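Have a look at upload.cif; it's mmCIF, C-alpha atoms and all ligand atoms:
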```cif
data_coords
#
loop_
_atom_site.label_atom_id
_atom_site.label_comp_id
_atom_site.auth_asym_id
_atom_site.auth_seq_id
_atom_site.Cartn_x
_atom_site.Cartn_y
_atom_site.Cartn_z
CA MET A 1 53.84 52.35 144.43
CA ARG A 2 50.77 54.46 143.86
CA ILE A 3 47.07 53.69 143.65
CA LYS A 4 45.15 54.26 140.45
CA VAL A 5 41.36 54.46 140.28
CA ILE A 6 40.36 51.84 137.67
CA GLY A 7 36.58 51.91 138.14
CA THR A 8 33.82 53.83 139.90
CA GLY A 9 30.14 53.34 140.68
CA SER A 10 27.32 54.87 142.66
CA ALA A 11 23.82 54.06 143.88
CA LEU A 12 21.07 56.37 145.07
CA PRO A 13 17.67 55.69 146.58
CA ALA A 14 14.79 56.22 144.16
CA LYS A 15 12.87 58.65 146.39
CA ILE A 16 13.54 62.35 145.71
CA VAL A 17 12.63 64.74 148.53
CA THR A 18 12.57 68.37 147.43
CA ASN A 19 12.90 71.44 149.64
CA GLU A 20 9.24 72.13 149.02
CA MET A 21 8.34 68.66 150.35
CA LEU A 22 10.36 69.40 153.52
CA SER A 23 8.49 72.67 153.98
CA ARG A 24 5.38 70.54 154.55
CA ILE A 25 6.92 68.77 157.57
CA VAL A 26 9.08 71.48 159.21
CA GLU A 27 8.94 75.27 159.21
CA THR A 28 11.28 76.00 156.32
CA ASP A 29 11.21 76.96 152.65
CA ASP A 30 13.15 76.48 149.45
CA ALA A 31 14.53 80.03 149.55
CA TRP A 32 16.12 79.52 153.00
CA ILE A 33 17.56 76.08 152.26
CA SER A 34 18.91 76.86 148.80
CA SER A 35 20.38 80.24 149.72
CA ARG A 36 22.12 78.94 152.89
CA THR A 37 23.28 75.58 151.51
CA GLY A 38 22.80 75.25 147.72
CA ILE A 39 20.72 72.10 148.32
CA ARG A 40 17.47 71.77 146.30
CA GLU A 41 16.65 68.11 146.77
CA ARG A 42 18.06 64.92 148.25
CA ARG A 43 17.47 61.17 147.97
CA ILE A 44 15.94 59.44 150.97
CA ALA A 45 15.97 55.67 151.41
CA GLY A 46 12.70 53.80 151.73
CA GLU A 47 13.17 50.06 151.43
CA GLU A 48 16.84 50.30 150.40
CA THR A 49 19.32 49.72 153.24
CA THR A 50 22.86 51.06 153.61
CA THR A 51 24.05 47.56 152.66
CA ASP A 52 21.88 47.52 149.51
CA LEU A 53 23.28 50.88 148.41
CA ALA A 54 26.87 49.82 149.20
CA VAL A 55 26.48 46.58 147.23
CA SER A 56 24.94 48.32 144.19
CA ALA A 57 27.67 50.99 144.09
CA ALA A 58 30.42 48.39 144.57
CA LYS A 59 28.98 46.17 141.83
CA ALA A 60 28.91 49.09 139.40
CA ALA A 61 32.53 49.97 140.27
CA LEU A 62 33.70 46.38 139.71
CA GLU A 63 31.93 46.27 136.35
CA ASP A 64 33.39 49.62 135.37
CA ALA A 65 36.88 48.39 136.32
CA GLY A 66 36.40 45.11 134.45
CA CYS A 67 37.56 43.46 137.64
CA ALA A 68 36.53 39.97 138.77
CA PRO A 69 35.32 39.75 142.40
CA GLU A 70 38.12 37.26 143.20
CA GLU A 71 40.75 39.88 142.29
CA ILE A 72 39.79 42.12 145.23
CA ASP A 73 42.27 41.83 148.12
CA LEU A 74 40.60 44.25 150.51
CA ILE A 75 37.18 45.89 150.92
CA LEU A 76 36.91 49.08 152.96
CA VAL A 77 33.47 50.55 153.59
CA ALA A 78 33.33 54.04 155.07
CA THR A 79 30.06 54.61 156.93
CA PHE A 80 28.69 55.96 160.18
CA THR A 81 25.21 54.66 159.41
CA PRO A 82 25.63 50.91 158.84
CA GLU A 83 22.51 48.77 158.58
CA HIS A 84 23.88 46.54 161.34
CA CYS A 85 26.54 46.72 164.04
CA LEU A 86 27.60 43.19 163.11
CA PRO A 87 28.46 41.84 160.65
CA ASN A 88 30.11 44.91 159.22
CA THR A 89 28.95 46.35 155.89
CA ALA A 90 32.22 45.46 154.15
CA CYS A 91 31.66 41.75 154.90
CA ALA A 92 28.10 42.03 153.57
CA VAL A 93 29.49 43.55 150.35
CA GLN A 94 32.03 40.73 150.17
CA ALA A 95 29.30 38.10 150.51
CA ALA A 96 26.96 39.75 147.99
CA LEU A 97 29.63 40.16 145.31
CA GLY A 98 31.64 36.99 145.92
CA CYS A 99 34.94 38.73 146.71
CA ARG A 100 36.08 35.59 148.48
CA ASN A 101 39.79 36.49 148.58
CA ALA A 102 39.27 39.85 150.28
CA ALA A 103 39.65 40.96 153.88
CA ALA A 104 36.80 43.33 154.69
CA PHE A 105 36.22 45.95 157.33
CA ASP A 106 34.33 49.20 157.94
CA LEU A 107 35.89 52.52 158.80
CA ASN A 108 34.11 55.42 160.47
CA ALA A 109 35.49 58.91 159.98
CA ALA A 110 32.06 60.43 159.21
CA CYS A 111 32.16 62.71 156.15
CA SER A 112 35.94 62.23 155.84
CA GLY A 113 35.46 58.45 155.74
CA PHE A 114 35.91 57.79 152.03
CA LEU A 115 39.02 59.97 151.90
CA PHE A 116 40.50 58.19 154.92
CA ALA A 117 39.67 54.84 153.28
CA MET A 118 41.49 55.91 150.13
CA ASN A 119 44.50 57.01 152.17
CA THR A 120 44.44 53.64 153.95
CA ALA A 121 44.40 51.88 150.57
CA GLN A 122 47.43 53.92 149.44
CA ALA A 123 49.31 52.96 152.61
CA TYR A 124 48.56 49.24 152.16
CA VAL A 125 49.60 49.36 148.50
CA GLU A 126 52.81 51.20 149.27
CA ALA A 127 53.62 48.64 151.96
CA GLY A 128 53.18 45.88 149.37
CA ILE A 129 50.37 44.23 151.36
CA TYR A 130 47.45 44.54 148.91
CA ARG A 131 47.18 45.24 145.19
CA THR A 132 43.49 45.66 144.31
CA ILE A 133 41.16 47.36 146.78
CA LEU A 134 37.43 48.11 146.68
CA LEU A 135 36.52 51.35 148.46
CA VAL A 136 32.92 52.22 149.30
CA GLY A 137 31.28 55.20 151.03
CA ALA A 138 27.68 54.37 151.96
CA GLU A 139 25.24 56.22 154.21
CA GLU A 140 21.65 56.47 155.27
CA VAL A 141 21.92 59.66 157.26
CA SER A 142 18.11 59.93 157.07
CA LYS A 143 17.91 57.13 159.65
CA VAL A 144 19.68 59.17 162.34
CA LEU A 145 18.07 62.56 161.72
CA ASP A 146 15.53 64.29 163.92
CA TRP A 147 12.87 65.05 161.29
CA GLU A 148 11.43 67.77 163.54
CA ASP A 149 14.73 69.67 163.66
CA ARG A 150 14.78 72.02 160.67
CA SER A 151 18.38 73.03 161.32
CA THR A 152 19.69 69.53 160.49
CA CYS A 153 17.07 67.51 158.60
CA VAL A 154 17.25 69.73 155.51
CA LEU A 155 20.99 69.21 155.04
CA PHE A 156 21.51 65.50 154.53
CA GLY A 157 20.70 62.71 152.09
CA ASP A 158 21.33 59.01 151.47
CA GLY A 159 23.48 57.26 148.89
CA ALA A 160 26.62 55.27 148.15
CA GLY A 161 29.63 55.57 145.92
CA ALA A 162 32.52 53.19 145.24
CA ALA A 163 35.89 52.99 143.55
CA VAL A 164 38.27 50.16 142.68
CA VAL A 165 41.90 51.16 143.10
CA GLN A 166 44.91 49.17 141.97
CA ALA A 167 48.67 49.32 142.53
CA ARG A 168 50.75 50.94 139.79
CA GLU A 169 54.43 51.79 139.52
CA GLY A 170 55.04 55.42 140.44
CA GLU A 171 55.21 57.93 143.25
CA ALA A 172 52.69 57.29 146.04
CA MET A 173 49.56 59.47 146.23
CA ARG A 174 50.21 62.27 148.69
CA PHE A 175 47.70 62.73 151.48
CA LEU A 176 47.15 64.44 154.80
CA GLN A 177 44.59 63.56 157.44
CA PHE A 178 43.79 65.17 160.76
CA SER A 179 41.43 64.79 163.71
CA ASP A 180 40.41 66.97 166.65
CA GLY A 181 38.51 64.79 169.08
CA ALA A 182 38.31 67.62 171.60
CA GLN A 183 35.68 69.23 169.32
CA GLY A 184 33.65 66.05 168.91
CA GLN A 185 30.45 67.50 170.33
CA VAL A 186 29.90 70.06 167.55
CA LEU A 187 28.61 67.31 165.26
CA ALA A 188 27.52 64.17 167.05
CA CYS A 189 25.20 61.20 167.00
CA MET A 190 25.24 59.57 170.40
CA GLU A 191 22.87 56.75 169.59
CA ARG A 192 22.90 53.73 171.91
CA THR A 193 20.63 51.00 170.73
CA ALA A 194 20.86 48.71 173.77
CA GLU A 195 21.07 49.21 177.51
CA ASN A 196 22.44 46.94 180.21
CA PRO A 197 20.47 46.56 183.45
CA TRP A 198 23.01 48.57 185.46
CA HIS A 199 23.11 51.60 183.19
CA THR A 200 21.01 54.25 184.87
CA ALA A 201 22.53 57.46 183.51
CA GLU A 202 20.45 59.78 181.36
CA LYS A 203 20.30 58.56 177.77
CA PRO A 204 21.99 60.68 175.13
CA PRO A 205 20.00 61.78 172.06
CA LYS A 206 19.57 59.10 169.42
CA THR A 207 19.61 61.55 166.56
CA LEU A 208 22.26 63.77 165.01
CA THR A 209 23.01 67.05 166.79
CA MET A 210 25.06 69.89 165.35
CA ASP A 211 26.37 73.35 166.09
CA GLY A 212 26.06 74.49 162.48
CA GLN A 213 28.04 77.68 162.80
CA ALA A 214 30.94 75.96 164.58
CA VAL A 215 31.06 73.31 161.84
CA PHE A 216 30.95 76.01 159.19
CA ARG A 217 33.85 77.92 160.78
CA PHE A 218 35.87 74.71 161.15
CA ALA A 219 35.39 73.74 157.51
CA VAL A 220 36.18 77.09 155.91
CA ARG A 221 39.36 77.39 157.95
CA ARG A 222 40.75 73.85 158.07
CA VAL A 223 39.99 72.65 154.53
CA PRO A 224 41.90 75.33 152.58
CA GLU A 225 44.71 75.23 155.16
CA CYS A 226 45.04 71.46 154.71
CA ILE A 227 44.92 71.65 150.89
CA ARG A 228 47.60 74.37 150.88
CA GLN A 229 49.81 72.27 153.17
CA LEU A 230 49.39 69.22 150.92
CA LEU A 231 50.16 71.19 147.77
CA ALA A 232 53.20 72.81 149.38
CA GLN A 233 54.56 69.34 150.15
CA ALA A 234 54.04 68.40 146.50
CA GLY A 235 55.64 71.66 145.30
CA LYS A 236 52.42 72.72 143.57
CA GLU A 237 50.25 75.83 143.55
CA PRO A 238 46.42 75.67 143.70
CA GLU A 239 46.19 76.99 140.11
CA GLU A 240 48.06 73.89 138.89
CA ILE A 241 45.22 71.65 140.10
CA ASP A 242 42.63 70.75 137.47
CA TRP A 243 39.83 69.57 139.76
CA PHE A 244 38.95 69.86 143.42
CA LEU A 245 36.54 67.10 144.45
CA LEU A 246 35.37 68.10 147.91
CA HIS A 247 32.92 66.60 150.35
CA GLN A 248 29.53 67.98 149.32
CA ALA A 249 28.22 69.58 152.50
CA ASN A 250 27.29 73.11 151.54
CA LYS A 251 27.83 75.35 148.50
CA ARG A 252 28.86 78.28 150.67
CA ILE A 253 31.64 76.18 152.25
CA LEU A 254 32.90 75.11 148.80
CA ASP A 255 32.75 78.67 147.46
CA SER A 256 34.68 79.91 150.48
CA VAL A 257 37.38 77.22 150.03
CA ALA A 258 37.71 78.13 146.33
CA ASN A 259 37.96 81.79 147.26
CA ARG A 260 40.57 81.20 149.96
CA LEU A 261 42.66 79.13 147.54
CA GLY A 262 42.29 81.75 144.82
CA VAL A 263 40.80 79.20 142.39
CA GLU A 264 37.68 79.73 140.27
CA GLU A 265 34.59 77.87 141.53
CA GLY A 266 34.24 76.05 138.18
CA ARG A 267 37.06 73.75 139.20
CA PHE A 268 34.98 72.54 142.16
CA PRO A 269 32.39 70.19 140.61
CA MET A 270 29.20 70.02 142.71
CA ASN A 271 26.19 67.78 142.96
CA LEU A 272 24.98 68.75 146.44
CA ASP A 273 22.03 70.58 144.85
CA ARG A 274 20.63 67.13 143.91
CA TYR A 275 21.84 64.92 146.76
CA GLY A 276 22.46 67.10 149.83
CA ASN A 277 25.19 65.99 152.22
CA THR A 278 25.57 62.21 151.91
CA SER A 279 28.51 62.12 154.35
CA ALA A 280 31.07 59.42 153.42
CA ALA A 281 29.24 58.76 150.15
CA SER A 282 29.54 62.26 148.75
CA ILE A 283 33.10 62.14 147.37
CA PRO A 284 32.76 58.76 145.60
CA ILE A 285 29.34 59.70 144.15
CA LEU A 286 30.88 62.90 142.78
CA LEU A 287 33.95 61.02 141.54
CA ASP A 288 31.69 58.58 139.70
CA GLU A 289 29.70 61.42 138.12
CA VAL A 290 32.68 63.39 136.86
CA ARG A 291 34.42 60.25 135.63
CA ARG A 292 31.38 59.00 133.70
CA LYS A 293 30.86 62.44 132.16
CA GLY A 294 34.46 62.30 130.87
CA ILE A 295 35.45 65.41 132.82
CA LEU A 296 38.61 63.81 134.25
CA LYS A 297 41.40 63.39 131.68
CA GLU A 298 44.49 61.19 131.91
CA GLY A 299 47.20 63.09 133.79
CA ASP A 300 44.82 65.60 135.42
CA GLN A 301 45.83 66.73 138.90
CA VAL A 302 42.92 66.07 141.26
CA VAL A 303 42.60 67.11 144.89
CA LEU A 304 40.11 65.23 147.05
CA ALA A 305 39.19 66.75 150.42
CA GLY A 306 36.87 65.65 153.19
CA PHE A 307 35.76 67.15 156.50
CA GLY A 308 33.24 66.29 159.13
CA ALA A 309 32.40 64.85 162.51
CA GLY A 310 35.12 63.76 164.86
CA LEU A 311 36.22 66.35 163.98
CA THR A 312 38.09 64.86 161.03
CA TRP A 313 39.49 66.38 157.84
CA GLY A 314 42.05 65.68 155.18
CA ALA A 315 43.06 65.90 151.55
CA ALA A 316 44.77 63.79 148.88
CA LEU A 317 46.45 64.64 145.58
CA LEU A 318 45.87 62.18 142.73
CA THR A 319 47.30 62.11 139.26
CA TRP A 320 44.39 60.82 137.19
N1 LIG B 401 14.64 76.88 157.55
C1 LIG B 401 14.40 78.11 158.00
N2 LIG B 401 15.03 78.66 159.05
C2 LIG B 401 15.99 77.93 159.63
C3 LIG B 401 16.31 76.65 159.20
C4 LIG B 401 15.60 76.12 158.12
N3 LIG B 401 15.83 74.89 157.62
N4 LIG B 401 17.31 76.17 159.98
C5 LIG B 401 17.61 77.12 160.87
N5 LIG B 401 16.81 78.19 160.66
C6 LIG B 401 16.77 79.44 161.40
C7 LIG B 401 17.32 79.34 162.79
O1 LIG B 401 16.35 78.83 163.67
C8 LIG B 401 17.67 80.76 163.07
O2 LIG B 401 16.51 81.43 163.43
P1 LIG B 401 16.52 82.54 164.60
O3 LIG B 401 17.47 83.58 164.09
O4 LIG B 401 15.09 82.96 164.66
O5 LIG B 401 17.03 81.81 165.80
C9 LIG B 401 18.10 81.30 161.72
O6 LIG B 401 17.60 80.38 160.75
C10 LIG B 401 19.59 81.41 161.56
O7 LIG B 401 20.16 80.22 162.01
P2 LIG B 401 21.70 79.99 161.93
O8 LIG B 401 22.03 78.65 162.50
O9 LIG B 401 22.41 81.19 162.45
O10 LIG B 401 21.90 79.95 160.34
P3 LIG B 401 23.23 79.90 159.54
O11 LIG B 401 23.30 81.04 158.63
O12 LIG B 401 24.42 79.57 160.40
O13 LIG B 401 22.98 78.61 158.62
C11 LIG B 401 23.59 76.31 158.46
C12 LIG B 401 22.79 77.35 159.23
C13 LIG B 401 23.36 74.97 159.12
C14 LIG B 401 23.10 76.25 157.01
C15 LIG B 401 25.10 76.71 158.48
O14 LIG B 401 25.51 76.98 159.79
C16 LIG B 401 25.96 75.64 157.92
O15 LIG B 401 25.91 75.37 156.74
N6 LIG B 401 26.80 74.99 158.75
C17 LIG B 401 27.59 73.86 158.32
C18 LIG B 401 26.76 72.62 158.45
C19 LIG B 401 27.34 71.44 157.76
O16 LIG B 401 27.68 71.52 156.59
N7 LIG B 401 27.46 70.30 158.47
C20 LIG B 401 27.97 69.11 157.97
C21 LIG B 401 29.43 69.21 157.78
S1 LIG B 401 30.11 67.70 157.30
#
```

Using the file provided, produce a representation of the structure as structure tokens.
Ligand code: COA
Amino acid sequence: MRIKVIGTGSALPAKIVTNEMLSRIVETDDAWISSRTGIRERRIAGEETTTDLAVSAAKAALEDAGCAPEEIDLILVATFTPEHCLPNTACAVQAALGCRNAAAFDLNAACSGFLFAMNTAQAYVEAGIYRTILLVGAEEVSKVLDWEDRSTCVLFGDGAGAAVVQAREGEAMRFLQFSDGAQGQVLACMERTAENPWHTAEKPPKTLTMDGQAVFRFAVRRVPECIRQLLAQAGKEPEEIDWFLLHQANKRILDSVANRLGVEEGRFPMNLDRYGNTSAASIPILLDEVRRKGILKEGDQVVLAGFGAGLTWGAALLTW
């Protein structure tokens, strides 16, 4: 059995923060940010919470799929920035939408989270456990950024994307996923919101920390390697793939992956210029955009690939 995407949705905070607006709070400028990353603006949450964004995106995906809330068997929300520790965001989505027959849990694989959620959905479907699954990637990275650190605060944004997938006869979606916990410190957020009376050790930083160059090197090496391995298993060449929907971290990373795969950049749709890096939300927001624009055609070969903190990375090959 394979999964088929039958509906998508996305939700973005109303507030647009341009590079020029950032240059008024940290020492930076549009030329530096856009030339190093391709990002021109991002959405930053004000009143909206991660839960609000997740619910809006999920609602839009259900409507797009023409799917009743009761039909959903499982809700997976990928996030590293939930509004609450408990209850999890997936249960909040369940309650808001009335998906009363679903099991619901969150999954944290940072920027690879939505891809890992999709792979999890494929595994459940293939095992015959669930049939209709709601997948959400939702983040408010702005809540864990150090807004005085120009090397990180310019890169990220907030948002949510969702997809409803359903079991269909046919060969299972191929996927690969990897982690390298030994390199966890290159992109970390060590926030601890509560202390016990016996904990006297020095507190770790509450905001996101990153070795940008190490992350860059990791991404440009591991992502094309992983996609090539996946395609080799499927007996396909990169030029046979119609679309590469990659985590939207940085235009230079995407250009480098395209170059290393020998594929023209036009087959890598991008929206990071408008949204920045929205972590687990970036792939489903992009998927929703390209689907609603009619870019994806029945039978298209689509590679999804994610990479990020953990370190985590992976790819999946979908027949649209
Ligand atoms: N505006 C202006 N200058 C900045 C800046 C900003 N927003 N951020 C950093 N700089 C400065 C640095 O302080 C440094 O100055 P110095 O030479 O005086 O010390 C200089 O720019 C170069 O910094 P460096 O870190 O070497 O830049 P870089 O070319 O590696 O680009 C990144 C930095 C973050 C854009 C790049 O490393 C990158 O894209 N990494 C991947 C990050 C990522 O995508 N993470 C998420 C993955 S899921």

Task: Surrounding residues of Ala58 in chain A excluding itself and chain neighbours under 4 positions, 8 Å, all atoms listed in the file, as a ChimeraX atom specification - done: /A:8-10,54,62,93,134-136,161-163

TODO: Throw together the list of residues within 7 Å of ligand LIG 401 (chain B), counting all atoms listed in the file, and drop it here as a list in words.
DONE: Glu27, Thr28, Asp29, Trp32, Ile33, Arg36, Thr37, Cys111, Arg150, Ser151, Thr152, Val154, Gly212, Gln213, Val215, Phe216, Ala249, Asn250, Ser279, Phe307, Gly308 and Ala309 of chain A

Task: Exercise: Leu311 in chain A partners within 10 Å, all atoms listed in the file, chain neighbours under 2 positions left out, as a PyMOL selection string - done: chain A and resi 109-112+178-188+215+218-219+307-309+313

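Of note, CA of Cys91 in chain A and CA of Pro69 in chain A are spaced 13.2 Å apart.
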
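With distances restricted to only C-alpha atoms, A:Ser56 is the closest residue to Pro13 in chain A from A:Thr120, A:Gln229, A:Ser56, A:Thr312.
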
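Distances here use all atoms listed in the file; by that measure, the residue among A:Met190, A:Asp158, A:Gln248, A:Val302 closest to Glu202 in chain A is A:Met190.
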
Task: Near-Ala281 in chain A list (6 Å; all atoms listed in the file; drop same-chain fewer than 6 positions) as number ranges by chain - done: A: 137-138, 160-161

Where is the centre and how long are the edges: axis-aligned box on range 203-213 of chain A, 5 Å on each side, Å to one decimal, as lines of an AutoDock Vina configuration file:
```
center_x = 23.8
center_y = 68.1
center_z = 170.1
size_x = 18.5
size_y = 29.1
size_z = 25.3
```

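From CA of Val220 in chain A back to CA of Ala315 in chain A, the distance works out to 13.8 Å.
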
TODO: Record the distance separating CA of Gly306 in chain A and CA of Glu265 in chain A, expressed in Å with one decimal.
DONE: 17.0 Å

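Minimum atom-to-atom distance to Asp255 in chain A, evaluated using only C-alpha atoms, belongs to A:Gly38 out of A:Pro205, A:Leu176, A:Gly128, A:Gly38.
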
- [ ] Go through A:Ala96, A:Val165, A:Val5, A:Ile39 and flag the residue nearest Val125 in chain A, using all atoms listed in the file for the distances.
- [x] A:Val165

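With distances restricted to only C-alpha atoms, A:Val303 is the closest residue to Phe244 in chain A from A:Val144, A:Ile3, A:Val303, A:Val257.
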
Task: Within 10 Å of Glu171 in chain A using all atoms listed in the file, minus same-chain residues under 6 positions, as a ChimeraX atom specification - done: /A:1-3,126,319

Mind listing as a PDB file with C-alpha atoms, in the coordinates of the input all residues within 7 Å of (19.5, 53.1, 160.0), counting only C-alpha atoms?
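For reference, part_24.pdb as written:
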```
ATOM      1  CA  THR A  81      25.210  54.660 159.410  1.00  0.00           C
ATOM      2  CA  PRO A  82      25.630  50.910 158.840  1.00  0.00           C
ATOM      3  CA  GLU A  83      22.510  48.770 158.580  1.00  0.00           C
ATOM      4  CA  GLU A 140      21.650  56.470 155.270  1.00  0.00           C
ATOM      5  CA  LYS A 143      17.910  57.130 159.650  1.00  0.00           C
ATOM      6  CA  VAL A 144      19.680  59.170 162.340  1.00  0.00           C
TER       7      VAL A 144
END
```

Surrounding residues of Asn259 in chain A excluding itself and chain neighbours under 5 positions, 12 Å, all atoms listed in the file, as a short mmCIF file (atom, residue, chain, number, x, y, z; two decimals) with C-alpha atoms, in the coordinates of the input:
```cif
data_model
loop_
_atom_site.label_atom_id
_atom_site.label_comp_id
_atom_site.auth_asym_id
_atom_site.auth_seq_id
_atom_site.Cartn_x
_atom_site.Cartn_y
_atom_site.Cartn_z
CA VAL A 220 36.18 77.09 155.91
CA ARG A 221 39.36 77.39 157.95
CA VAL A 223 39.99 72.65 154.53
CA PRO A 224 41.90 75.33 152.58
CA PRO A 238 46.42 75.67 143.70
CA GLU A 239 46.19 76.99 140.11
CA ARG A 252 28.86 78.28 150.67
CA ILE A 253 31.64 76.18 152.25
CA LEU A 254 32.90 75.11 148.80
CA GLU A 264 37.68 79.73 140.27
CA GLU A 265 34.59 77.87 141.53
CA GLY A 266 34.24 76.05 138.18
CA ARG A 267 37.06 73.75 139.20
CA PHE A 268 34.98 72.54 142.16
#
```

TODO: Can you work out which one of A:Lys4, A:His84, A:Leu304, A:Leu155 has the shortest atom-to-atom distance to Leu208 in chain A, counting all atoms listed in the file?
DONE: A:Leu155

- [ ] Would you be able to write out as a ChimeraX atom specification which residues have an atom within 10 Å of (28.9, 47.7, 155.9) in the file's coordinates, counting only C-alpha atoms?
- [x] /A:50-55,75-94,104-107,136-139

Quick one: range 304-317 of chain A with N, CA, C and O atoms, as a tab-separated table (two decimals), in the frame of the given file?
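The result, written out as result-v7.tsv:
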```tsv
chain	number	residue	atom	x	y	z
A	304	LEU	N	41.31	65.66	146.33
A	304	LEU	CA	40.11	65.23	147.05
A	304	LEU	C	40.22	65.79	148.47
A	304	LEU	O	41.31	65.77	149.05
A	305	ALA	N	39.12	66.28	149.03
A	305	ALA	CA	39.19	66.75	150.42
A	305	ALA	C	37.89	66.45	151.15
A	305	ALA	O	36.80	66.64	150.60
A	306	GLY	N	38.04	65.98	152.37
A	306	GLY	CA	36.87	65.65	153.19
A	306	GLY	C	36.96	66.35	154.54
A	306	GLY	O	38.04	66.73	154.98
A	307	PHE	N	35.80	66.51	155.17
A	307	PHE	CA	35.76	67.15	156.50
A	307	PHE	C	34.44	66.77	157.16
A	307	PHE	O	33.44	66.61	156.48
A	308	GLY	N	34.49	66.61	158.46
A	308	GLY	CA	33.24	66.29	159.13
A	308	GLY	C	33.43	65.93	160.60
A	308	GLY	O	34.41	66.33	161.24
A	309	ALA	N	32.46	65.15	161.08
A	309	ALA	CA	32.40	64.85	162.51
A	309	ALA	C	33.66	64.16	162.97
A	309	ALA	O	34.37	63.50	162.23
A	310	GLY	N	33.93	64.34	164.23
A	310	GLY	CA	35.12	63.76	164.86
A	310	GLY	C	35.78	64.71	165.86
A	310	GLY	O	35.86	64.40	167.02
A	311	LEU	N	36.18	65.89	165.35
A	311	LEU	CA	36.22	66.35	163.98
A	311	LEU	C	37.32	65.63	163.20
A	311	LEU	O	38.35	65.27	163.77
A	312	THR	N	37.10	65.48	161.90
A	312	THR	CA	38.09	64.86	161.03
A	312	THR	C	38.19	65.68	159.75
A	312	THR	O	37.19	66.26	159.31
A	313	TRP	N	39.35	65.72	159.14
A	313	TRP	CA	39.49	66.38	157.84
A	313	TRP	C	40.79	65.90	157.18
A	313	TRP	O	41.68	65.35	157.84
A	314	GLY	N	40.85	66.11	155.88
A	314	GLY	CA	42.05	65.68	155.18
A	314	GLY	C	41.93	65.93	153.70
A	314	GLY	O	40.88	66.36	153.20
A	315	ALA	N	43.04	65.69	153.00
A	315	ALA	CA	43.06	65.90	151.55
A	315	ALA	C	44.06	64.93	150.92
A	315	ALA	O	44.97	64.43	151.59
A	316	ALA	N	43.86	64.66	149.64
A	316	ALA	CA	44.77	63.79	148.88
A	316	ALA	C	44.96	64.38	147.50
A	316	ALA	O	44.07	65.04	146.97
A	317	LEU	N	46.14	64.13	146.93
A	317	LEU	CA	46.45	64.64	145.58
A	317	LEU	C	46.70	63.44	144.66
A	317	LEU	O	47.63	62.68	144.86
```
